[in-house]
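J.: The structure that follows is given in the form of structure tokens.
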Amino acid sequence: MSKKINLTLKVWRQKNCKSPGAFEVYEAKGIDTDMSFLEMLDVVNERLTKENIDPISFDHDCREGICGTCGSVVNGQAHGPVKGTTLCQLHMRNFTDGQLIVIEPFRAKAFPVINDLAVDRSSFDRIIQSGGFISIKTGQAPDAHSLPVLKGRSDSAMDAAQCIGCGACVAACPNAAAMLFVSAKVYHLNILPQGEPELKTRTINMVKQMDKEGFGNCSNEYECEAACPKEISVSHIARLNQQHRKSNFT
Amino acid sequence: MLDSKIPPGAMSDKWTDFKFHAKLVNPANKRKYKVIVVGTGLAGASAAASLSELGYQVESFFFQDSPRRAHSIAAQGGINAAKNYPNDGDSIKRLFYDTVKGGDFRSREANVHRLAEVSNSIIDQCVAQGVPFAREYSGYLDNRSFGGAQVSRTFYARGQTGQQLLLGAYQALMKEVSKGSIKLHSRTEMLDLVVIDGVARGIITRNLVTGLIESHMGDAVVLGTGGYGNVFYLSTNAKGSNVTATWRAHKKGAFFANPCFTQIHPTCIPVHGDYQSKLTLMSESLRNDGRVWVPKTPGDQRKPTDIPEAERDYFLERKYPSFGNLVPRDIASRNAKEQCDAGRGVGASGQAVYLDLADSIKRLGKETIKQRYGNLIDMYQKIVDDNPYETPMMIYPAVHYTMGGLWVDYNLMSNLPGLFVIGEANFSDHGANRLGASALMQGLADGYFVLPYTISDYLAKNKPVDPKLKEHAEFKKCEKDVANYIQKLLSIKGKRTVDDFHRQLGKLLWDKCGMARTEAGLKEALVQIPKIREEFWKDVNVLGSGEEFNQALERAGRVADFLEFGELLVKDALDRAESCGGHFREEYQTPEGEALRRDDLYSYVAAWQFNGVGQVPTLHKEELKFEEVHLAQRSYK
């Protein structure tokens with residue numbers, strides 16, 4: 001059953017990437033435990049606006065856990081305390097009355113802050129541009145049934161393809177590495193027969209772009225998998241490393 | 001009377017003939033043309049990628065931070081195609097027929113036929129891009145049936161088909177960006193259409209990070225900016241989905257067609273509090289294995305699992321034995337409402353019905369159900385804190401999709417030359433009700449396989465635009481108008497928040513122009529909406545400035561447009577004195593309570609011309625002719 005709780009929020013406020021940021025403290029009173037985390041922020045923002053205080057900026061869109069737009073670090077965890085959950089699908093029943101909640105943006109050199117909790121993740125788009133696709137033009141495709149794909153292979157491609165590109169893996173990693181994001185896309189495309197012709201260039205170019213964007217390296221902390229709202233496995237990283245070595249040597 | 005430019009000839013030859021007769025742009029000349037594409041959903045992304053592949057210069061605009069965020073990403077259930085892989089009697093003709101009938105005879109036959117014709121190529125294209133559709137152990141693609149169809153023609157990728165299709169289109173787009181032929185404009189919102197001498201020449205945009213207002217000129221402007229469901233405030237749309245691009249194009253002369261055709265999706269998680277910011281859809285694929293029921297006795301407070309079989313009313317199976325739980329969306333929604341209105345609704349609010357997976361779990365096992373719907377069930381569990389494997393889910397209809405949109409001819413061009421409208425943003429293919437798994441089909445059909453042909457025909461007939469035209473006074477004027485409009489929003493400094501107004505408008509529309517509409521209710525709404533609008537411009541409080549990242553300002557502009565658009569939606573609903581598909585006027589129903597069309601009077605597309613805010617719009621009609629599918633009362637019994 002839902003109930004009302006009172007919370008104290010310590011929120012990162014930052015005008016833009018050039019100015020320094022700082023924490024501000026706000027009270028969130030009478031929060032219904034059936035609310036989502038973002039609905040709680042909506043309620044706080046409504047109140048701030050009425051008090052002529054600039055509302056807290058945060059990115060969000062679908063609010064059903066699939067678009068990958070939302071995401072903040074809540075009490076030290078990307079997307080908050082519940083496993084396999086985006087911030088928009090995190091509900092206030094997971095917090096207790098009187099709790100202090102610290103809310104920060106995803107922090108990484110490759111994700112500069114735009115305003116408050118909103119960050120620039122266009123580096124992910126540039127990684128995809130470097131090879132995260134299969135180069136087929138519209139109209140070139142043969143009949144869909146001309147190429148059967150083993151069900152197991154197709155299913156595991158789908159497991160990797162579920163990545164929503166939110167960047168929680170980067171925020172959770174002590175090195176701000178994007179290895180989980182990159183490896184999931186590389187695996188999705190490399191394991192399918194359609195993606196095979198570009199396997200080597202894809203692998204090499206995406207890793208190169210990842211380094212160029214300023215993401216760190218993997219040191220097997222597994223924090224990315226723990227934070228991933230789609231629970232994408234770190235085993236993809238091992239496969240990426242293996243593929244990358246092979247691609248460079250042959 | 002509007003000219004839809006449907007090619008002559010037999011229905012099945014029209015598209016082939018069109019392609020043959022279409023003018024072509026010489027490959028070497030294609031790079032001299034620039035196309036502006038607004039929106040990066042299935043329609044926008046697939047169009048931008050395909051046009052770039054052909055050799056045109058493309059500029060892509062989207063308000064999100066990445067093209068991959070567009071709301072097509074959230075589509076769950078699947079995509080239709082007439083492949084007939086299951087050998088169950090499907091064909092292009094049947095998909096065409098089902099879509100026209102499902103749309104309650106208010107769509108344009110020739111467009112729907114073309115849609116059915118290109119549907120198979122979409123599946124081929126997506127598979128080649130690496131979209132991991134569900135497969136059988138044989139390695140071949142799996143199909144399932146979906147609401148409103150008696151054949152299994154729906155391809156799917158778990159409950160995330162929209163995500164996978166959009167990522168396919170996004171990756172195609174990124175491939176073209178890497179070649180340098182597409183320029184991306186992220187976090188950039190279109191705020192005006194520039195029309196010079198009656199021709200669409202460009203757009204005015206605002207950079208949402210810096211606030212910079214800019215002009216962009218092109219040889220054609222393509223809007224793939226989605227639907228207007230968020231006019232109801234609560235809907236299954238993403239929070240950012242809005243009517244701004246299409247509405248501002250409408251204010252510049254583009255006709256808005258059938259705005260009253262809105263789809264209320266039957267299977268959503270019910271409303272639970274006044275703080276609620278959006279509604280969550282549970283894919284209707286759940287109706288394949290879930291049975292919809294309510295207790296027979298009004299006010300029955302027992303737990304659903306304690307109510308014996310004999311005291312349950314499986315109302316869809318009872319009323320529509322041949323389609324059962326798979327009746328089209330409009331019918332499923334209306335019946336759920338009818339049960340709740342009669343006091344048999346369940347849950348705390350009484351505004352919900354059960355969707356019960358128990359029989360399927362018994363028949364197929366929990367594992368199979370988990371495989372089919374695992375992600376949906378997890379999502380339900382997170383939101384409602386209840387376990388659908390053990391107790392039935394509670395569902396209620398919610399605004400989901402809008403069939404209406406900017407009027408386009410067969411070429412997907414609006415009445416303004418040079419302005420093309422694709423996907424949900426146009427009106428043409430779904431009539432008064434869209435069938436499940438047809439939105440993804442239409443978005444990709446328009447972008448991959450229709451627009452590249454029709455826009456080439458237009459460009460071939462026009463010389464590349466002179467770069468000097470960018471100095472035209474109209475661009476400067478539009479930029480200034482946009483800047484003034486923003487200043488006006490910021491200068492009010494009233495007492496109420498933007499969301500407060502949006503909620504007020506949404507509730508009014510849901511009550512008066514939602515699942516059931518009456519003349520009196522609609523007239524009441526027409527009195528109320530201008531009052532809310534007036535209040536908004538007197539008392540809204542938007543803090544901050546226009547030269548920075550300002551999310552309240554973004555929302556304020558969108559809500560200001562909803563406050564104008566809502567009036568047109570209601571006006572259209574009042575004008576259409578018949579019931580069809582999602583538009584149910586209580587005065588017009590059969591003795592069994594089904595929608596009663598009035599074909600002699602309303603077999604037309606209502607395309608509205610803007611005459612000023614608060615002014616009566618002018619109605620233009622496009623007569624609908626049904627040559628292939630004979631007009632009939634829909635029956636799913």
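Residue names in the structure tokens use chain letters A, B, ... in the order shown, residue numbers from 1 in each chain, and ligand numbers from 1 in the order shown.
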Write out as a PyMOL selection string which residues come within 7 Å of segment 96-98 of chain A when counting only C-alpha atoms, dropping same-chain ones fewer than 2 positions away.

T.: chain A and resi 5-8+94+100

J.: Output as JSON, numbers by chain the set of chain B residues within 7 Å of chain A, with distances taken over only C-alpha atoms.

T.: {"B": [50, 53, 66, 69, 71, 73, 74, 123, 124, 125, 127, 128, 129, 130, 132, 135, 136, 137, 139, 140, 171, 172, 174, 175, 177, 178, 237, 238, 239, 240, 275, 276, 277, 280, 382, 383, 448, 495, 497, 543, 544, 549, 551]}

J.: Restricting the output to C-alpha atoms, write the selected residues as a PDB file, in the first residue's frame.

T.:
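Written out: again_33.pdb:
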ATOM      1  CA  SER B  50      17.555   6.514 -47.306  1.00  0.00           C
ATOM      2  CA  GLU B  53      22.053   6.947 -49.520  1.00  0.00           C
ATOM      3  CA  SER B  66      20.465  11.453 -29.516  1.00  0.00           C
ATOM      4  CA  ARG B  69      15.785   8.424 -28.084  1.00  0.00           C
ATOM      5  CA  HIS B  71       9.600   7.684 -28.998  1.00  0.00           C
ATOM      6  CA  ILE B  73      11.837   3.262 -29.256  1.00  0.00           C
ATOM      7  CA  ALA B  74       9.034   2.476 -26.823  1.00  0.00           C
ATOM      8  CA  ILE B 123      11.142  -6.972 -42.892  1.00  0.00           C
ATOM      9  CA  ASP B 124      13.873  -7.843 -45.410  1.00  0.00           C
ATOM     10  CA  GLN B 125      15.584  -4.507 -44.840  1.00  0.00           C
ATOM     11  CA  VAL B 127      16.768  -8.334 -40.979  1.00  0.00           C
ATOM     12  CA  ALA B 128      19.658  -7.295 -43.223  1.00  0.00           C
ATOM     13  CA  GLN B 129      20.456  -4.439 -40.827  1.00  0.00           C
ATOM     14  CA  GLY B 130      20.797  -6.935 -38.003  1.00  0.00           C
ATOM     15  CA  PRO B 132      17.271  -9.478 -33.983  1.00  0.00           C
ATOM     16  CA  ARG B 135      13.242 -16.771 -34.432  1.00  0.00           C
ATOM     17  CA  GLU B 136      12.132 -20.351 -34.198  1.00  0.00           C
ATOM     18  CA  TYR B 137      14.535 -23.227 -33.579  1.00  0.00           C
ATOM     19  CA  GLY B 139      16.460 -20.395 -37.593  1.00  0.00           C
ATOM     20  CA  TYR B 140      13.535 -18.812 -39.424  1.00  0.00           C
ATOM     21  CA  GLN B 171      22.398   2.831 -37.126  1.00  0.00           C
ATOM     22  CA  ALA B 172      21.590   3.361 -40.804  1.00  0.00           C
ATOM     23  CA  MET B 174      24.781   6.962 -38.181  1.00  0.00           C
ATOM     24  CA  LYS B 175      26.330   5.096 -41.109  1.00  0.00           C
ATOM     25  CA  VAL B 177      26.608  10.606 -40.801  1.00  0.00           C
ATOM     26  CA  SER B 178      29.990   8.896 -40.811  1.00  0.00           C
ATOM     27  CA  ASN B 237       3.689   9.054 -25.226  1.00  0.00           C
ATOM     28  CA  ALA B 238       7.087  10.169 -24.040  1.00  0.00           C
ATOM     29  CA  LYS B 239       7.068  13.370 -21.999  1.00  0.00           C
ATOM     30  CA  GLY B 240       8.698  15.290 -24.809  1.00  0.00           C
ATOM     31  CA  TYR B 275       1.028  13.423  -9.350  1.00  0.00           C
ATOM     32  CA  GLN B 276       1.145  10.933 -12.202  1.00  0.00           C
ATOM     33  CA  SER B 277       3.234  12.114 -15.126  1.00  0.00           C
ATOM     34  CA  THR B 280       2.492   3.011 -19.249  1.00  0.00           C
ATOM     35  CA  LYS B 382       7.994  -2.419 -10.783  1.00  0.00           C
ATOM     36  CA  ILE B 383       5.228   0.097 -11.284  1.00  0.00           C
ATOM     37  CA  TYR B 448      12.462   3.662 -46.417  1.00  0.00           C
ATOM     38  CA  LYS B 495       1.737  32.117 -10.396  1.00  0.00           C
ATOM     39  CA  THR B 497       3.396  26.249 -13.508  1.00  0.00           C
ATOM     40  CA  LEU B 543      11.687  31.034 -14.819  1.00  0.00           C
ATOM     41  CA  GLY B 544      15.152  31.558 -16.264  1.00  0.00           C
ATOM     42  CA  PHE B 549      19.149  25.186 -21.130  1.00  0.00           C
ATOM     43  CA  GLN B 551      13.309  22.778 -19.772  1.00  0.00           C
TER      44      GLN B 551
END

J.: How many Å separate atom CA of Ile182 of chain B from atom CA of Glu213 of chain A?

T.: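 Distance reported for this atom pair: 20.7 Å.
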
J.: What lies within 6 Å of Ile422 of chain B using only C-alpha atoms, ignoring chain neighbours under 4 positions off, as a PyMOL selection string?

T.: chain B and resi 224+426+446

J.: Export, as a PDB file, in the first residue's frame, the selected residues with N, CA and C atoms.

T.:
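Contents of part_11.pdb, freshly written:
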ATOM      1  N   GLY B 224       8.726  14.373 -39.584  1.00  0.00           N
ATOM      2  CA  GLY B 224       8.436  13.045 -39.040  1.00  0.00           C
ATOM      3  C   GLY B 224       8.426  13.216 -37.536  1.00  0.00           C
ATOM      4  N   ASN B 426       1.494  12.361 -40.162  1.00  0.00           N
ATOM      5  CA  ASN B 426       0.491  12.564 -41.207  1.00  0.00           C
ATOM      6  C   ASN B 426      -0.779  11.796 -40.854  1.00  0.00           C
ATOM      7  N   ASP B 446       6.965   4.639 -44.947  1.00  0.00           N
ATOM      8  CA  ASP B 446       7.097   6.024 -45.422  1.00  0.00           C
ATOM      9  C   ASP B 446       8.565   6.396 -45.606  1.00  0.00           C
TER      10      ASP B 446
END

J.: State, in Å with one decimal place, the distance from atom CA of Tyr453 of chain B to atom CA of Ser181 of chain B.

T.: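 So the answer is 18.8 Å.
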
J.: Residues within 9 Å of segment 468-483 of chain B, please, as a list of chain:residue names. Count only C-alpha atoms; anything in the same chain fewer than 3 positions from it doesn't count.

T.: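 Listed by chain and then number, they are B:Leu191, B:Asp192, B:Leu193, B:Val194, B:Val195, B:Ile196, B:Arg201, B:Gly202, B:Ile203, B:Ile204, B:Thr205, B:Arg206, B:Ile213, B:Glu214, B:Ser215, B:His216, B:Met217, B:Val465, B:Ile486, B:Gln487, B:Lys488, B:Gly546.
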
J.: Between B:Trp537, B:Phe255, B:Phe133, B:Tyr458, which is the closest to Ala22 of chain B once you count only C-alpha atoms?

T.: B:Tyr458
